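Okay, structure first, notes after.
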Amino acid sequence: MEIFWYGDASLIMREGDAAIAFDPFFGVQTGCFTGKNPTFIPKNDFSDVTDVFVTHGHFDHIYHLPTLCNATQFQIHCTATPRKTLIKRGVPAKRLLPASPGKTDYIRPFGVTAFKGRHCMFDLPIFFKTVFCRRFFRNPGHLLRLIGLHMRFRENGEILFYEILCGGKRIQVMGSLGLDKNTDYPTGADILILPFQGRSDLEKYALEIVKRLKPKAVFLDHYDDAFPPITSDIDTKNFEKILSAREHIPCRAMKKGSVIYVETKTPLR
């Protein structure tokens with residue numbers, strides 16, 4: 001199996017001729033709304049994708065789906081709130097399939113099971129760190145547009161956590177850094193793809209999640225500056241060392257443009 005990361009929480013998984021995707025989004029950098037710095041949307045990369053799974057309805061998880069839908073034929077699996085948002089933005093209702101905790105979809109050779117998740121709980125220190133920085137006021141038009149997007153793209157508490165079974169391997173995908181307290185998640189997955197952004201105590205917060213899920217390996221995403229000034233580039237090196245040295249769990253940040261290879265009978269390479 002091959003896993004591609006496109007930034008933020010956007011992933012494609014391929015096994016043979018089959019391809020599925022999660023939360024397609026390609027950033028909204030400063031100037032993109034005026035056309036001075038347009039967002040590049042890799043439509044051709046999604047031409048073989050048959051199914052897209054949405055973790056929740058925030059704009060940085062579904063904003064580019066209408067554009068991709070115009071160029072592809074994939075089905076979109078999502079909960080009620082992002083479904084309403086996507087229909088308002090022109091996505092045909094027949095392309096939208098229901099997703100909910102406990103539901104498993106089989107797209108051979110993938111089996112994708114949804115669990116109830118939880119959005120990252122932002123704390124006050126990260127709020128003040130974000131608000132009281134120079135670049136927060138440097139592009140007020142861009143900032144206002146991001147705030148408007150956040151208001152229109154609601155998640156309404158509908159957060160999904162996905163586990164993908166393929167070729168004897170279990171891959172867990174989180175769209176936000178949070179777990180539901182009352183959900184019994186499967187532990188010991190071969191790979192946990194962990195979003196690494198949104199807290200001032202990020203390392204401690206993420207470590208608690210890893211200890212709960214007990215994966216064999218961790219790959220970090222969502223640590224990039226996908227929509228400044230709300231996001232920033234996060235240094236992942238110390239957390240990688242903590243997991244590797246203290247918890248004995250291999251951990252590394254995913255890289256845009258590179259591929260993670262997952263083989264049935266051999267270690268990750």
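Lettering and numbering for the structure tokens are positional, with chains as A, B, ... in the shown order, residues counted from 1 in each chain, and ligands counted from 1 in the shown order.
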
Assign secondary structure with DSSP using the backbone only, and return the residues of range 11-257 of chain A in strand (DSSP E or B) as an mmCIF file with C-alpha atoms, in the first residue's frame.
data_model
loop_
_atom_site.group_PDB
_atom_site.id
_atom_site.type_symbol
_atom_site.label_atom_id
_atom_site.label_comp_id
_atom_site.auth_asym_id
_atom_site.auth_seq_id
_atom_site.Cartn_x
_atom_site.Cartn_y
_atom_site.Cartn_z
ATOM 1 C CA LEU A 11 -4.338 11.795 2.293
ATOM 2 C CA ILE A 12 -4.607 9.286 -0.534
ATOM 3 C CA MET A 13 -4.163 5.545 0.023
ATOM 4 C CA ARG A 14 -3.494 3.251 -2.920
ATOM 5 C CA GLU A 15 -3.346 -0.508 -3.129
ATOM 6 C CA ALA A 18 -7.706 0.945 -5.873
ATOM 7 C CA ALA A 19 -7.472 4.416 -4.329
ATOM 8 C CA ILE A 20 -9.321 6.164 -1.511
ATOM 9 C CA ALA A 21 -8.782 9.627 -0.016
ATOM 10 C CA PHE A 22 -9.345 11.502 3.224
ATOM 11 C CA ASP A 51 -14.174 7.183 -2.534
ATOM 12 C CA VAL A 52 -13.390 10.155 -0.273
ATOM 13 C CA PHE A 53 -13.889 9.954 3.490
ATOM 14 C CA GLN A 75 -18.231 9.275 -3.959
ATOM 15 C CA ILE A 76 -17.968 11.245 -0.704
ATOM 16 C CA HIS A 77 -18.629 9.627 2.685
ATOM 17 C CA CYS A 78 -19.558 12.190 5.336
ATOM 18 C CA LEU A 96 -22.743 11.995 -0.961
ATOM 19 C CA LEU A 97 -22.969 8.797 1.085
ATOM 20 C CA PRO A 98 -23.737 8.632 4.820
ATOM 21 C CA THR A 104 -17.939 0.025 7.772
ATOM 22 C CA ASP A 105 -17.576 0.613 4.041
ATOM 23 C CA TYR A 106 -15.850 -1.937 1.818
ATOM 24 C CA ILE A 107 -14.017 -0.582 -1.182
ATOM 25 C CA PHE A 110 -10.038 -1.519 1.744
ATOM 26 C CA GLY A 111 -12.370 -1.858 4.688
ATOM 27 C CA VAL A 112 -13.012 1.545 6.297
ATOM 28 C CA THR A 113 -14.663 1.671 9.726
ATOM 29 C CA ALA A 114 -15.751 4.927 11.342
ATOM 30 C CA PHE A 115 -15.623 5.649 15.068
ATOM 31 C CA LYS A 116 -16.818 8.678 16.994
ATOM 32 C CA GLY A 117 -14.010 11.207 17.349
ATOM 33 C CA LEU A 160 -15.053 10.782 12.777
ATOM 34 C CA PHE A 161 -12.013 8.633 13.459
ATOM 35 C CA TYR A 162 -11.301 6.062 10.735
ATOM 36 C CA GLU A 163 -9.609 2.694 10.829
ATOM 37 C CA ILE A 164 -8.628 1.222 7.477
ATOM 38 C CA LEU A 165 -7.953 -2.486 7.032
ATOM 39 C CA CYS A 166 -5.977 -3.463 3.941
ATOM 40 C CA LYS A 169 -2.549 -3.981 8.023
ATOM 41 C CA ARG A 170 -4.556 -1.576 10.184
ATOM 42 C CA ILE A 171 -4.158 2.166 9.570
ATOM 43 C CA GLN A 172 -5.870 4.711 11.830
ATOM 44 C CA VAL A 173 -6.600 8.230 10.567
ATOM 45 C CA MET A 174 -7.495 11.163 12.804
ATOM 46 C CA LEU A 179 -10.627 11.218 21.080
ATOM 47 C CA ILE A 191 0.068 2.949 11.827
ATOM 48 C CA LEU A 192 -1.587 5.919 13.502
ATOM 49 C CA ILE A 193 -1.704 9.084 11.381
ATOM 50 C CA LEU A 194 -1.823 11.809 14.013
ATOM 51 C CA PRO A 195 -2.656 15.517 13.414
ATOM 52 C CA VAL A 218 3.064 7.017 14.290
ATOM 53 C CA PHE A 219 3.145 9.378 11.326
ATOM 54 C CA LEU A 220 2.428 13.063 11.893
ATOM 55 C CA ASP A 221 0.370 15.302 9.601
ATOM 56 C CA CYS A 251 7.496 8.254 14.790
ATOM 57 C CA ARG A 252 8.177 10.655 11.968
ATOM 58 C CA ALA A 253 6.537 13.598 10.259
#

List every residue of range 25-188 of chain A that DSSP, applied to the backbone, labels as alpha helix (DSSP H), and write the result as a VMD selection string. chain A and resid 59 to 62 65 to 71 80 to 88 124 to 131 134 to 138 140 to 152

Measuring between only C-alpha atoms, which one of A:Thr34, A:Asn156, A:Ser10, A:Ser258 shows the shortest distance to Asn139 in chain A?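 Looking only at the distances to Asn139 in chain A, the closest residue turns out to be A:Thr34.
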
Which residues, written as an MDAnalysis selection string, have at least one atom at most 10 Å from Ile41 in chain A, with only C-alpha atoms counted and residues fewer than 4 positions away on the same chain left out? chainID A and resid 6 24:27 45:46 64 67:68

Okay, now the selection with N, CA and C atoms, as a compact mmCIF listing (two decimals), in the first residue's frame?
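Writing the result to result30.txt gives the following:
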# COMPACT_ATOMS: atom_id res chain seq x y z
N TYR A 6 -0.85 15.34 1.24
CA TYR A 6 -0.92 16.57 0.46
C TYR A 6 -0.93 17.83 1.32
N PRO A 24 -9.64 15.94 1.46
CA PRO A 24 -8.84 16.68 0.47
C PRO A 24 -8.89 18.20 0.71
N PHE A 25 -7.73 18.77 0.93
CA PHE A 25 -7.59 20.22 1.14
C PHE A 25 -6.14 20.56 0.85
N PHE A 26 -5.91 21.69 0.17
CA PHE A 26 -4.57 22.00 -0.31
C PHE A 26 -4.08 23.37 0.11
N GLY A 27 -4.63 23.86 1.22
CA GLY A 27 -4.15 25.13 1.77
C GLY A 27 -4.83 26.33 1.16
N ASP A 45 -4.18 13.91 -9.64
CA ASP A 45 -3.78 12.94 -8.62
C ASP A 45 -4.99 12.20 -8.06
N PHE A 46 -6.19 12.78 -8.22
CA PHE A 46 -7.40 12.18 -7.67
C PHE A 46 -8.24 11.49 -8.75
N HIS A 64 -12.04 22.17 -0.82
CA HIS A 64 -11.71 21.94 -2.23
C HIS A 64 -12.48 20.77 -2.85
N THR A 67 -14.47 21.54 -6.21
CA THR A 67 -13.58 21.65 -7.37
C THR A 67 -13.14 20.28 -7.85
N LEU A 68 -12.77 19.42 -6.91
CA LEU A 68 -12.35 18.07 -7.28
C LEU A 68 -13.51 17.28 -7.89

Could you give me, as a list in words, the residues within 8 Å of Gly178 in chain A, counting only C-alpha atoms and dropping anything in the same chain fewer than 4 positions from it?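 Listed by chain and then number, they are Gly117, Arg118, His119, Cys120, Met121 and Ile209 of chain A.
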
Just C-alpha atoms for this one: save the residues we selected as a tab-separated table (two decimals), in the first residue's frame.
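Once written, again_21.tsv looks like this:
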chain	number	residue	atom	x	y	z
A	117	GLY	CA	-14.01	11.21	17.35
A	118	ARG	CA	-13.56	14.56	19.00
A	119	HIS	CA	-12.16	17.85	17.80
A	120	CYS	CA	-8.98	19.21	19.33
A	121	MET	CA	-9.83	21.41	22.33
A	209	ILE	CA	-3.64	9.95	22.69

Quick one: residues within 10 Å of Ala71 in chain A, only C-alpha atoms, excluding same-chain residues fewer than 5 positions away - as a count of residues only? 5
